[in-house]
$ cat protein-v7.txt   # compact mmCIF, C-alpha atoms
# COMPACT_ATOMS: atom_id res chain seq x y z
CA MET A 156 -3.58 -12.14 12.55
CA GLU A 157 -3.99 -13.11 8.92
CA ILE A 158 -4.93 -10.84 6.03
CA SER A 159 -6.11 -12.32 2.75
CA PHE A 160 -7.01 -10.60 -0.50
CA LYS A 161 -10.67 -10.42 0.47
CA HIS A 162 -9.71 -8.46 3.57
CA GLN A 163 -7.79 -5.77 1.69
CA LEU A 164 -10.74 -3.41 1.64
CA SER A 165 -11.18 -3.67 5.38
CA LEU A 166 -7.49 -2.98 5.88
CA ALA A 167 -7.70 0.02 3.57
CA CYS A 168 -10.57 1.41 5.65
CA VAL A 169 -8.49 1.03 8.81
CA ILE A 170 -5.62 2.82 7.12
CA LEU A 171 -7.86 5.70 6.09
CA LEU A 172 -9.14 6.04 9.63
CA LEU A 173 -5.66 5.97 11.11
CA PRO A 174 -3.55 8.27 8.93
CA ALA A 175 -1.02 8.86 11.68
CA LEU A 176 -0.05 5.20 11.58
CA CYS A 177 0.53 5.23 7.84
CA SER A 178 2.48 8.45 7.40
CA SER A 179 6.24 8.70 7.25
CA GLN A 180 8.35 9.35 10.31
CA ASP A 181 7.93 12.98 11.35
CA SER A 182 11.51 13.53 12.50
CA PHE A 183 14.73 13.23 10.55
CA THR A 184 17.89 11.47 11.74
CA ASP A 185 21.34 12.95 11.10
CA SER A 186 23.82 10.77 9.23
CA ARG A 187 26.07 10.70 6.17
CA ALA A 188 25.76 9.34 2.65
CA THR A 189 28.11 8.39 -0.14
CA TYR A 190 27.76 6.59 -3.49
CA TYR A 191 29.20 3.57 -5.27
CA GLY A 192 30.44 3.18 -8.80
CA SER A 193 28.09 1.81 -11.45
CA PRO A 194 28.60 1.50 -15.22
CA ASP A 195 25.10 2.78 -15.95
CA CYS A 196 24.39 4.75 -12.73
CA TYR A 197 21.69 2.25 -11.70
CA GLY A 198 21.77 -0.16 -8.75
CA ASN A 199 23.66 -3.41 -8.28
CA PRO A 200 21.76 -6.47 -9.60
CA ARG A 201 23.89 -8.65 -7.31
CA GLY A 202 22.93 -6.74 -4.17
CA ALA A 203 22.79 -8.56 -0.84
CA CYS A 204 18.99 -8.36 -0.64
CA GLY A 205 18.74 -10.90 -3.47
CA PHE A 206 16.41 -8.76 -5.59
CA GLY A 207 18.34 -9.33 -8.83
CA GLU A 208 17.40 -7.05 -11.72
CA TYR A 209 14.58 -5.56 -9.64
CA GLY A 210 17.26 -4.27 -7.26
CA ARG A 211 18.98 -2.52 -10.15
CA THR A 212 16.01 -0.70 -11.65
CA VAL A 213 13.31 -0.32 -8.97
CA ASN A 214 12.48 3.31 -8.19
CA ASP A 215 14.18 4.28 -11.46
CA GLY A 216 17.48 3.06 -10.07
CA SER A 217 17.43 5.32 -6.99
CA VAL A 218 18.54 2.64 -4.54
CA ALA A 219 21.00 2.28 -1.68
CA GLY A 220 22.98 -0.12 0.44
CA VAL A 221 22.72 0.20 4.23
CA SER A 222 24.33 -1.31 7.31
CA ARG A 223 22.73 -0.04 10.53
CA LEU A 224 19.32 -0.14 8.84
CA TRP A 225 19.90 -3.66 7.46
CA ARG A 226 18.23 -5.45 10.40
CA ASN A 227 19.31 -8.95 9.31
CA GLY A 228 17.70 -8.44 5.91
CA SER A 229 14.29 -7.27 7.09
CA GLY A 230 15.35 -3.74 6.09
CA CYS A 231 15.45 -4.82 2.44
CA GLY A 232 12.88 -2.95 0.37
CA ALA A 233 12.40 -0.15 2.90
CA CYS A 234 12.06 3.37 1.46
CA TYR A 235 13.74 6.50 2.81
CA GLN A 236 13.87 10.19 2.11
CA ALA A 237 17.39 11.57 2.41
CA ARG A 238 18.40 15.21 2.03
CA CYS A 239 21.83 16.74 2.31
CA LYS A 240 22.72 19.84 4.29
CA ILE A 241 24.73 22.16 2.02
CA PRO A 242 22.20 24.93 1.20
CA GLN A 243 23.77 26.13 -2.03
CA TYR A 244 23.78 22.62 -3.53
CA CYS A 245 21.15 20.50 -1.83
CA ASP A 246 17.53 20.07 -2.90
CA GLU A 247 15.14 20.66 0.00
CA ASN A 248 13.29 17.39 -0.66
CA GLY A 249 16.39 15.36 -1.46
CA ALA A 250 16.29 11.81 -2.80
CA TYR A 251 13.85 8.95 -2.25
CA VAL A 252 15.69 5.63 -2.15
CA VAL A 253 14.85 1.93 -1.81
CA VAL A 254 17.15 -0.37 0.19
CA THR A 255 18.43 -3.13 -2.10
CA ASP A 256 21.88 -3.95 -0.73
CA TYR A 257 24.17 -4.10 2.31
CA GLY A 258 27.04 -1.66 2.49
CA GLU A 259 29.33 -0.17 5.14
CA GLY A 260 31.12 3.16 4.81
CA ASP A 261 32.81 5.80 6.95
CA ARG A 262 29.99 6.59 9.42
CA THR A 263 27.48 6.46 6.55
CA ASP A 264 23.97 5.05 6.75
CA PHE A 265 23.48 5.12 2.97
CA ILE A 266 25.74 4.07 0.10
CA MET A 267 23.66 5.22 -2.85
CA SER A 268 23.56 4.40 -6.52
CA PRO A 269 24.80 7.34 -8.62
CA ARG A 270 21.22 8.05 -9.76
CA ALA A 271 20.07 8.35 -6.15
CA TYR A 272 23.05 10.43 -5.03
CA SER A 273 22.60 12.87 -7.93
CA ARG A 274 19.05 13.57 -6.77
CA LEU A 275 20.36 15.09 -3.57
CA GLY A 276 21.37 18.13 -5.65
CA ARG A 277 19.23 21.13 -6.62
CA ASN A 278 20.20 20.77 -10.30
CA ALA A 279 22.78 19.05 -12.50
CA ASP A 280 25.57 21.49 -11.61
CA ALA A 281 24.86 21.18 -7.89
CA SER A 282 24.84 17.38 -8.16
CA ALA A 283 28.22 17.50 -9.88
CA GLU A 284 29.59 19.46 -6.92
CA LEU A 285 28.16 16.92 -4.47
CA PHE A 286 29.91 14.11 -6.34
CA LYS A 287 33.19 15.96 -5.73
CA TYR A 288 32.55 15.84 -1.99
CA GLY A 289 32.24 12.05 -2.12
CA VAL A 290 30.57 11.93 1.31
CA VAL A 291 27.96 14.41 2.54
CA ASP A 292 26.09 15.02 5.76
CA ILE A 293 22.41 14.17 5.44
CA GLN A 294 19.16 13.87 7.30
CA TYR A 295 16.91 10.90 6.59
CA ARG A 296 13.56 9.44 7.56
CA ARG A 297 11.60 6.39 6.56
CA VAL A 298 8.71 7.01 4.16
CA PRO A 299 6.04 4.75 2.62
CA CYS A 300 7.00 2.87 -0.53
CA ARG A 301 4.59 3.54 -3.39
CA TYR A 302 4.34 1.26 -6.42
CA THR A 303 1.46 2.62 -8.47
CA GLY A 304 -0.05 -0.09 -10.63
CA TYR A 305 1.75 -2.97 -8.90
CA ASN A 306 0.53 -5.61 -6.48
CA VAL A 307 2.86 -7.49 -4.15
CA VAL A 308 4.69 -10.11 -6.24
CA TYR A 309 6.31 -13.46 -5.42
CA LYS A 310 9.47 -14.06 -7.43
CA VAL A 311 11.02 -17.52 -7.53
CA HIS A 312 14.69 -16.86 -6.86
CA GLU A 313 17.28 -17.76 -9.48
CA HIS A 314 18.90 -20.34 -7.19
CA SER A 315 15.70 -22.43 -7.10
CA ARG A 316 15.59 -25.94 -8.63
CA ASN A 317 12.26 -27.66 -9.14
CA PRO A 318 11.47 -29.99 -7.36
CA ASP A 319 14.34 -30.03 -4.84
CA TYR A 320 14.85 -26.46 -3.71
CA PHE A 321 12.42 -23.54 -3.61
CA ALA A 322 13.46 -19.98 -2.79
CA VAL A 323 11.34 -16.87 -3.04
CA VAL A 324 11.71 -13.13 -2.67
CA ILE A 325 8.77 -10.77 -2.16
CA LEU A 326 8.70 -7.62 -4.30
CA TYR A 327 6.70 -4.38 -4.47
CA VAL A 328 5.91 -4.32 -0.75
CA ASP A 329 4.28 -0.92 -0.39
CA GLY A 330 3.84 1.22 2.71
CA THR A 331 6.28 1.11 5.63
CA TYR A 332 6.16 -2.65 6.21
CA ASP A 333 9.07 -5.03 6.84
CA VAL A 334 8.79 -8.66 5.71
CA ASN A 335 9.79 -10.66 8.78
CA ALA A 336 8.87 -14.24 7.84
CA VAL A 337 7.44 -16.42 5.07
CA GLN A 338 5.57 -19.71 5.49
CA LEU A 339 4.59 -22.46 3.06
CA PHE A 340 1.43 -24.54 3.46
CA GLN A 341 1.97 -28.29 3.82
CA GLN A 342 -1.17 -29.89 2.37
CA ASP A 343 -0.67 -33.42 3.70
CA CYS A 344 -0.49 -32.32 7.34
CA GLN A 345 -2.60 -29.19 6.92
CA GLU A 346 -0.20 -26.79 8.58
CA TRP A 347 2.04 -23.85 7.77
CA LYS A 348 5.77 -24.56 7.66
CA PRO A 349 8.33 -21.79 8.23
CA MET A 350 10.73 -20.97 5.42
CA ARG A 351 14.32 -20.06 6.27
CA ARG A 352 15.69 -16.58 5.64
CA ALA A 353 18.57 -17.66 3.42
CA PHE A 354 20.03 -14.17 2.98
CA GLY A 355 18.74 -10.66 2.58
CA ALA A 356 15.11 -10.81 1.49
CA VAL A 357 15.35 -14.41 0.16
CA PHE A 358 13.46 -17.20 1.97
CA ASP A 359 13.98 -20.85 1.06
CA TYR A 360 12.68 -24.39 1.65
CA SER A 361 14.40 -27.66 0.79
CA ASN A 362 12.31 -30.45 -0.73
CA PRO A 363 9.07 -28.46 -0.95
CA PRO A 364 5.71 -30.23 -1.35
CA SER A 365 4.69 -31.22 -4.87
CA GLY A 366 1.85 -29.41 -6.56
CA GLU A 367 0.82 -25.80 -6.13
CA LEU A 368 2.54 -23.86 -3.37
CA TYR A 369 0.55 -21.58 -1.12
CA LEU A 370 2.53 -18.94 0.74
CA ARG A 371 1.89 -16.33 3.36
CA PHE A 372 4.23 -13.67 4.68
CA GLN A 373 4.42 -11.72 7.90
CA VAL A 374 4.83 -7.96 7.84
CA SER A 375 5.42 -5.48 10.63
CA GLY A 376 4.99 -1.74 10.72
CA ASN A 377 3.53 1.11 12.71
CA ALA A 378 0.11 -0.50 12.44
CA GLY A 379 1.23 -3.79 14.00
CA LEU A 380 2.18 -7.33 12.97
CA TYR A 381 0.19 -9.21 10.30
CA TRP A 382 0.17 -12.39 8.24
CA VAL A 383 -0.70 -11.67 4.61
CA GLN A 384 -1.97 -14.51 2.42
CA SER A 385 -2.84 -14.47 -1.25
CA ASN A 386 -5.47 -16.71 -2.82
CA ASN A 387 -3.13 -17.08 -5.81
CA ALA A 388 -0.80 -20.07 -5.59
CA VAL A 389 2.65 -20.58 -7.08
CA SER A 390 2.02 -23.09 -9.90
CA SER A 391 3.33 -26.65 -9.63
CA ASP A 392 5.64 -26.15 -12.63
CA TRP A 393 7.41 -23.16 -11.05
CA LYS A 394 10.74 -22.19 -12.52
CA ALA A 395 13.60 -20.03 -11.31
CA GLY A 396 12.95 -16.41 -12.21
CA ALA A 397 9.16 -16.77 -12.56
CA THR A 398 6.94 -14.17 -10.91
CA TYR A 399 3.44 -14.56 -9.46
CA ASP A 400 1.03 -11.70 -8.78
CA THR A 401 -0.49 -12.02 -5.30
CA MET A 402 -3.34 -9.59 -6.17
CA VAL A 403 -2.62 -8.02 -2.77
CA GLN A 404 -1.73 -4.42 -1.97
CA LEU A 405 -0.84 -3.41 1.57
CA ASN A 406 -1.70 0.29 1.23
$ encode --input "protein-v7.txt" --output "structure tokens"
Amino acid sequence: MEISFKHQLSLACVILLLPALCSSQDSFTDSRATYYGSPDCYGNPRGACGFGEYGRTVNDGSVAGVSRLWRNGSGCGACYQARCKIPQYCDENGAYVVVTDYGEGDRTDFIMSPRAYSRLGRNADASAELFKYGVVDIQYRRVPCRYTGYNVVYKVHEHSRNPDYFAVVILYVDGTYDVNAVQLFQQDCQEWKPMRRAFGAVFDYSNPPSGELYLRFQVSGNAGLYWVQSNNAVSSDWKAGATYDTMVQLN
């Protein structure tokens, strides 16, 4: 199934009629969380998802690396609510984090940026105590990502070289969707060509067609599996680091 910009309104109507499909997971999963060092308490711009600076600052720097939730990179960009379990220190709502990196710890599902980890605490003093623990027991659940004022964005990855090598990462994917695949339209043969998942959330294509590049991406979630296509093309003079607004919102 393919969703274009003109079908957003129809999708929104479906979402309004099916709130159970669009809500967060009802139940929490028990796990553990820790944190990594950062000079400014934000995320790691060199995270394994390939988000770059976006991976450092998205969600005000409340980000995390995961392992079991990595899912070969399709877990990149997913949002979670995590709350710790020490009543005298832990905030009942906990922290909301975005997955931007891969990381393995001692039976931990989340290795958080310091900004994210600090938000597990009820206040500044409680957070300071949690940092002394180093690792804490938590409960977590997946929740919808919300990027007020942002559409889904294509970013040409920094490793790209026009015209020989094109790589893209998809940002501001709202809701509880995973990006599973990206395809590029080949004008001369009038068909969609699959891009390769290079690493994390980065998809690439060697020797891409000349001219404007039309992309579509496949998302999966509680509501099913969809192809999402924007009417906005990546311009023929694309450069590494450039961003292109798709004018599409998934929620």
$ residues_around --input "protein-v7.txt" --residues "Gly192 of chain A" --least-positions-apart "5" --cutoff "12 Å" --atoms "only C-alpha atoms" --output "ChimeraX atom specification"
/A:197-199,219,266-272,286,289
$ residues_near_point --input "protein-v7.txt" --point "(3.8, 1.7, -4.1)" --cutoff "10 Å" --atoms "all atoms listed in the file" --output "PyMOL selection string"
chain A and resi 214+299-307+327-330+404-406
$ write_last_selection --input "protein-v7.txt" --atoms "C-alpha atoms" --output "PDB file, in the frame of the given file"
ATOM      1  CA  ASN A 214      12.480   3.310  -8.190  1.00  0.00           C
ATOM      2  CA  PRO A 299       6.040   4.750   2.620  1.00  0.00           C
ATOM      3  CA  CYS A 300       7.000   2.870  -0.530  1.00  0.00           C
ATOM      4  CA  ARG A 301       4.590   3.540  -3.390  1.00  0.00           C
ATOM      5  CA  TYR A 302       4.340   1.260  -6.420  1.00  0.00           C
ATOM      6  CA  THR A 303       1.460   2.620  -8.470  1.00  0.00           C
ATOM      7  CA  GLY A 304      -0.050  -0.090 -10.630  1.00  0.00           C
ATOM      8  CA  TYR A 305       1.750  -2.970  -8.900  1.00  0.00           C
ATOM      9  CA  ASN A 306       0.530  -5.610  -6.480  1.00  0.00           C
ATOM     10  CA  VAL A 307       2.860  -7.490  -4.150  1.00  0.00           C
ATOM     11  CA  TYR A 327       6.700  -4.380  -4.470  1.00  0.00           C
ATOM     12  CA  VAL A 328       5.910  -4.320  -0.750  1.00  0.00           C
ATOM     13  CA  ASP A 329       4.280  -0.920  -0.390  1.00  0.00           C
ATOM     14  CA  GLY A 330       3.840   1.220   2.710  1.00  0.00           C
ATOM     15  CA  GLN A 404      -1.730  -4.420  -1.970  1.00  0.00           C
ATOM     16  CA  LEU A 405      -0.840  -3.410   1.570  1.00  0.00           C
ATOM     17  CA  ASN A 406      -1.700   0.290   1.230  1.00  0.00           C
TER      18      ASN A 406
END
$ residues_around --input "protein-v7.txt" --residues "Val374 of chain A" --least-positions-apart "3" --cutoff "7 Å" --atoms "all atoms listed in the file" --output "PyMOL selection string"
chain A and resi 332-335+380-382
$ atom_distance --input "protein-v7.txt" --atom1 "atom CA of Cys245 of chain A" --atom2 "atom CA of Arg274 of chain A"
8.8 Å
$ closest_residue --input "protein-v7.txt" --among "A:Ala279, A:Thr212, A:Phe206, A:Gln294" --to "Ile241 of chain A" --atoms "only C-alpha atoms"
A:Gln294
$ atom_distance --input "protein-v7.txt" --atom1 "atom CA of Asp264 of chain A" --atom2 "atom CA of Asp185 of chain A"
9.4 Å
$ atom_distance --input "protein-v7.txt" --atom1 "atom CA of Ala388 of chain A" --atom2 "atom CA of Cys344 of chain A"
17.8 Å
$ residues_around --input "protein-v7.txt" --residues "Gly207 of chain A" --least-positions-apart "3" --cutoff "10 Å" --atoms "all atoms listed in the file" --output "PDB file with C-alpha atoms, in the frame of the given file"
ATOM      1  CA  GLY A 198      21.770  -0.160  -8.750  1.00  0.00           C
ATOM      2  CA  ASN A 199      23.660  -3.410  -8.280  1.00  0.00           C
ATOM      3  CA  PRO A 200      21.760  -6.470  -9.600  1.00  0.00           C
ATOM      4  CA  ARG A 201      23.890  -8.650  -7.310  1.00  0.00           C
ATOM      5  CA  GLY A 202      22.930  -6.740  -4.170  1.00  0.00           C
ATOM      6  CA  ALA A 203      22.790  -8.560  -0.840  1.00  0.00           C
ATOM      7  CA  CYS A 204      18.990  -8.360  -0.640  1.00  0.00           C
ATOM      8  CA  GLY A 210      17.260  -4.270  -7.260  1.00  0.00           C
ATOM      9  CA  ARG A 211      18.980  -2.520 -10.150  1.00  0.00           C
ATOM     10  CA  THR A 212      16.010  -0.700 -11.650  1.00  0.00           C
ATOM     11  CA  THR A 255      18.430  -3.130  -2.100  1.00  0.00           C
ATOM     12  CA  HIS A 312      14.690 -16.860  -6.860  1.00  0.00           C
ATOM     13  CA  GLU A 313      17.280 -17.760  -9.480  1.00  0.00           C
ATOM     14  CA  VAL A 324      11.710 -13.130  -2.670  1.00  0.00           C
ATOM     15  CA  GLY A 396      12.950 -16.410 -12.210  1.00  0.00           C
TER      16      GLY A 396
END
$ residues_around --input "protein-v7.txt" --residues "Ala322 of chain A" --least-positions-apart "4" --cutoff "6 Å" --atoms "all atoms listed in the file" --output "list in words"
Val311, His312, Ser315, Phe358 and Asp359 of chain A
$ residues_around --input "protein-v7.txt" --residues "Gln338 of chain A" --least-positions-apart "5" --cutoff "10 Å" --atoms "only C-alpha atoms" --output "MDAnalysis selection string"
chainID A and resid 346:351 358:360 369:373 382 384
$ write_last_selection --input "protein-v7.txt" --atoms "C-alpha atoms" --output "short mmCIF file (atom, residue, chain, number, x, y, z; two decimals), in the coordinates of the input"
data_model
loop_
_atom_site.label_atom_id
_atom_site.label_comp_id
_atom_site.auth_asym_id
_atom_site.auth_seq_id
_atom_site.Cartn_x
_atom_site.Cartn_y
_atom_site.Cartn_z
CA GLU A 346 -0.20 -26.79 8.58
CA TRP A 347 2.04 -23.85 7.77
CA LYS A 348 5.77 -24.56 7.66
CA PRO A 349 8.33 -21.79 8.23
CA MET A 350 10.73 -20.97 5.42
CA ARG A 351 14.32 -20.06 6.27
CA PHE A 358 13.46 -17.20 1.97
CA ASP A 359 13.98 -20.85 1.06
CA TYR A 360 12.68 -24.39 1.65
CA TYR A 369 0.55 -21.58 -1.12
CA LEU A 370 2.53 -18.94 0.74
CA ARG A 371 1.89 -16.33 3.36
CA PHE A 372 4.23 -13.67 4.68
CA GLN A 373 4.42 -11.72 7.90
CA TRP A 382 0.17 -12.39 8.24
CA GLN A 384 -1.97 -14.51 2.42
#
$ residues_near_point --input "protein-v7.txt" --point "(23.7, 17.0, -6.8)" --cutoff "9 Å" --atoms "only C-alpha atoms" --output "number ranges by chain"
A: 244-246, 272-286
$ closest_residue --input "protein-v7.txt" --among "A:Leu368, A:Val254, A:Val357, A:Leu339" --to "Gln236 of chain A" --atoms "all atoms listed in the file"
A:Val254
$ closest_residue --input "protein-v7.txt" --among "A:Gln243, A:Arg297, A:Val323, A:Asp215" --to "Asp195 of chain A" --atoms "all atoms listed in the file"
A:Asp215
$ decode --input "protein-v7.txt" --residues "segment 315-326 of chain A" --atoms "N, CA and C atoms" --output "PDB file, in the first residue's frame"
ATOM      1  N   SER A 315      27.675  10.985   1.344  1.00  0.00           N
ATOM      2  CA  SER A 315      27.234  11.038  -0.056  1.00  0.00           C
ATOM      3  C   SER A 315      28.200  11.851  -0.915  1.00  0.00           C
ATOM      4  N   ARG A 316      28.274  11.467  -2.217  1.00  0.00           N
ATOM      5  CA  ARG A 316      29.119  12.185  -3.186  1.00  0.00           C
ATOM      6  C   ARG A 316      28.356  12.263  -4.503  1.00  0.00           C
ATOM      7  N   ASN A 317      27.889  13.428  -4.844  1.00  0.00           N
ATOM      8  CA  ASN A 317      27.186  13.623  -6.114  1.00  0.00           C
ATOM      9  C   ASN A 317      28.207  13.614  -7.256  1.00  0.00           C
ATOM     10  N   PRO A 318      28.054  12.799  -8.314  1.00  0.00           N
ATOM     11  CA  PRO A 318      26.878  12.004  -8.660  1.00  0.00           C
ATOM     12  C   PRO A 318      27.029  10.500  -8.391  1.00  0.00           C
ATOM     13  N   ASP A 319      28.107  10.095  -7.694  1.00  0.00           N
ATOM     14  CA  ASP A 319      28.459   8.672  -7.647  1.00  0.00           C
ATOM     15  C   ASP A 319      27.777   7.871  -6.540  1.00  0.00           C
ATOM     16  N   TYR A 320      27.504   8.530  -5.428  1.00  0.00           N
ATOM     17  CA  TYR A 320      27.028   7.776  -4.268  1.00  0.00           C
ATOM     18  C   TYR A 320      26.016   8.611  -3.498  1.00  0.00           C
ATOM     19  N   PHE A 321      24.821   8.057  -3.331  1.00  0.00           N
ATOM     20  CA  PHE A 321      23.731   8.760  -2.646  1.00  0.00           C
ATOM     21  C   PHE A 321      23.314   7.956  -1.422  1.00  0.00           C
ATOM     22  N   ALA A 322      23.321   8.596  -0.269  1.00  0.00           N
ATOM     23  CA  ALA A 322      22.865   7.967   0.968  1.00  0.00           C
ATOM     24  C   ALA A 322      21.915   8.926   1.667  1.00  0.00           C
ATOM     25  N   VAL A 323      20.903   8.369   2.303  1.00  0.00           N
ATOM     26  CA  VAL A 323      19.874   9.205   2.910  1.00  0.00           C
ATOM     27  C   VAL A 323      19.463   8.616   4.251  1.00  0.00           C
ATOM     28  N   VAL A 324      19.089   9.488   5.159  1.00  0.00           N
ATOM     29  CA  VAL A 324      18.518   9.074   6.438  1.00  0.00           C
ATOM     30  C   VAL A 324      17.215   9.851   6.609  1.00  0.00           C
ATOM     31  N   ILE A 325      16.213   9.203   7.188  1.00  0.00           N
ATOM     32  CA  ILE A 325      14.882   9.803   7.310  1.00  0.00           C
ATOM     33  C   ILE A 325      14.672  10.230   8.753  1.00  0.00           C
ATOM     34  N   LEU A 326      14.350  11.515   8.937  1.00  0.00           N
ATOM     35  CA  LEU A 326      14.257  12.115  10.264  1.00  0.00           C
ATOM     36  C   LEU A 326      12.835  12.543  10.585  1.00  0.00           C
TER      37      LEU A 326
END
